[in-house]
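S.K.: Supplied structure: data-v7.cif, mmCIF, C-alpha atoms.
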data_protein
loop_
_atom_site.group_PDB
_atom_site.id
_atom_site.type_symbol
_atom_site.label_atom_id
_atom_site.label_comp_id
_atom_site.auth_asym_id
_atom_site.auth_seq_id
_atom_site.Cartn_x
_atom_site.Cartn_y
_atom_site.Cartn_z
ATOM 1 C CA MET A 407 -9.336 -3.075 0.809
ATOM 2 C CA ARG A 408 -6.897 -5.947 0.389
ATOM 3 C CA ALA A 409 -3.135 -5.830 -0.098
ATOM 4 C CA ARG A 410 -0.044 -7.982 -0.098
ATOM 5 C CA VAL A 411 3.624 -7.408 0.628
ATOM 6 C CA GLY A 412 5.214 -5.391 -2.183
ATOM 7 C CA ASP A 413 2.075 -3.431 -3.052
ATOM 8 C CA CYS A 414 2.218 0.344 -3.065
ATOM 9 C CA LEU A 415 -0.001 2.453 -0.795
ATOM 10 C CA LEU A 416 -1.042 5.839 -2.202
ATOM 11 C CA PRO A 417 -2.710 8.129 0.347
ATOM 12 C CA ASN A 418 -5.277 10.252 -1.494
ATOM 13 C CA GLY A 419 -4.011 8.647 -4.715
ATOM 14 C CA GLU A 420 -0.875 10.834 -4.689
ATOM 15 C CA PRO A 421 2.256 9.026 -5.968
ATOM 16 C CA ARG A 422 4.585 11.530 -4.258
ATOM 17 C CA ARG A 423 3.263 10.284 -0.889
ATOM 18 C CA ALA A 424 3.730 6.594 -1.752
ATOM 19 C CA GLY A 425 4.785 3.856 0.595
ATOM 20 C CA VAL A 426 5.607 0.188 0.049
ATOM 21 C CA ILE A 427 3.712 -2.375 2.086
ATOM 22 C CA ILE A 428 6.317 -4.492 3.861
ATOM 23 C CA GLY A 429 3.985 -6.343 6.212
ATOM 24 C CA VAL A 430 0.401 -7.607 6.120
ATOM 25 C CA PRO A 431 -0.514 -8.959 9.567
ATOM 26 C CA HIS A 432 -3.896 -10.394 8.508
ATOM 27 C CA ALA A 433 -3.959 -13.485 6.283
ATOM 28 C CA ASP A 434 -6.897 -12.084 4.286
ATOM 29 C CA GLY A 435 -4.906 -8.967 3.299
ATOM 30 C CA SER A 436 -7.062 -6.533 5.259
ATOM 31 C CA PRO A 437 -5.613 -3.488 7.078
ATOM 32 C CA PRO A 438 -3.667 -2.378 9.001
ATOM 33 C CA TYR A 439 -0.440 -2.650 6.992
ATOM 34 C CA VAL A 440 3.213 -2.154 7.862
ATOM 35 C CA VAL A 441 4.356 0.518 5.395
ATOM 36 C CA LYS A 442 7.771 1.959 4.548
ATOM 37 C CA TRP A 443 7.282 5.512 3.254
ATOM 38 C CA LEU A 444 9.428 6.217 0.204
ATOM 39 C CA SER A 445 10.043 9.882 0.999
ATOM 40 C CA ASP A 446 11.949 9.294 4.230
ATOM 41 C CA GLY A 447 12.149 5.535 4.891
ATOM 42 C CA HIS A 448 9.949 5.801 7.988
ATOM 43 C CA ILE A 449 8.160 2.549 8.862
ATOM 44 C CA ALA A 450 4.694 2.696 10.391
ATOM 45 C CA LEU A 451 1.589 0.614 11.050
ATOM 46 C CA VAL A 452 -1.067 2.192 8.820
ATOM 47 C CA SER A 453 -4.850 1.894 8.718
ATOM 48 C CA PRO A 454 -5.607 3.442 5.320
ATOM 49 C CA GLY A 455 -8.381 5.996 4.957
ATOM 50 C CA PRO A 456 -11.171 5.880 2.372
ATOM 51 C CA ASP A 457 -9.195 7.903 -0.211
ATOM 52 C CA THR A 458 -6.164 5.615 -0.123
ATOM 53 C CA ARG A 459 -5.383 3.353 -3.083
ATOM 54 C CA VAL A 460 -3.468 0.079 -3.157
ATOM 55 C CA VAL A 461 -1.478 -0.510 -6.337
ATOM 56 C CA ARG A 462 -0.074 -3.945 -7.139
ATOM 57 C CA GLY A 463 3.704 -4.111 -7.184
ATOM 58 C CA ALA A 464 6.356 -1.751 -5.867
ATOM 59 C CA PRO A 465 7.080 1.614 -7.544
ATOM 60 C CA GLY A 466 9.637 1.468 -10.336
ATOM 61 C CA GLY A 467 8.834 -2.162 -11.064
ATOM 62 C CA GLY A 468 7.305 -1.500 -14.460
ATOM 63 C CA ALA A 469 3.606 -1.486 -15.187
ATOM 64 C CA ILE A 470 1.459 -1.656 -12.106
ATOM 65 C CA ALA A 471 -2.303 -1.984 -11.968
ATOM 66 C CA PRO A 472 -4.790 -0.958 -9.284
ATOM 67 C CA ALA A 473 -5.637 -3.733 -6.877
ATOM 68 C CA PRO A 474 -9.069 -5.257 -7.411
ATOM 69 C CA ALA A 475 -11.742 -4.052 -4.995
ATOM 70 C CA HIS A 476 -13.001 -6.619 -2.494
ATOM 71 C CA ALA A 477 -16.183 -6.230 -0.545
#
Written as structure tokens, that's how I'd like the structure from this file.
M.R.:
Amino acid sequence: MRARVGDCLLPNGEPRRAGVIIGVPHADGSPPYVVKWLSDGHIALVSPGPDTRVVRGAPGGGAIAPAPAHA
């Protein structure tokens, strides 16, 4: 999994549980990520589980596409 600031994190692929990635400590985009959860504004360091998706771009920013998978 790779991500960049501004991507959306969807635990279990559920948009209602979305968070925006506001920090990526590793230069290669690997986890953990600093995420601001949209439901309550809570900020946390997150190591995503296997059912979590990264979607390019923040929610509400128009068309967004799934991030490409990296091995």
S.K.: Using all atoms listed in the file for the distances, tell me which of A:Pro456, A:Leu415, A:Pro421, A:Arg462 is nearest to Lys442 in chain A.
M.R.: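 The answer is A:Leu415, which sits nearest to Lys442 in chain A.
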S.K.: List every protein, DNA or RNA residue that has at least one atom no more than 10 Å from (4.0, 4.5, 4.2) in the file's coordinates, counting only C-alpha atoms, and write the result as a list of chain:residue names.
M.R.: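 Residues lying no farther than 10 Å from the given point: A:Cys414, A:Leu415, A:Leu416, A:Pro417, A:Arg423, A:Ala424, A:Gly425, A:Val426, A:Ile427, A:Ile428, A:Tyr439, A:Val440, A:Val441, A:Lys442, A:Trp443, A:Leu444, A:Ser445, A:Asp446, A:Gly447, A:His448, A:Ile449, A:Ala450, A:Leu451, A:Val452, A:Pro454.
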S.K.: Please, what distance in Å, to one decimal, runs between CA of Arg410 in chain A and CA of Val430 in chain A?
M.R.: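 Pair CA of Arg410 in chain A / CA of Val430 in chain A returns 6.2 Å.
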S.K.: Evaluate the PyMOL selection byres ((chain A and resi 432-436) around 7) here and jot the selected residues down as an NGL selection string.
M.R.: :A and (407-410 or 430-431 or 437-438)
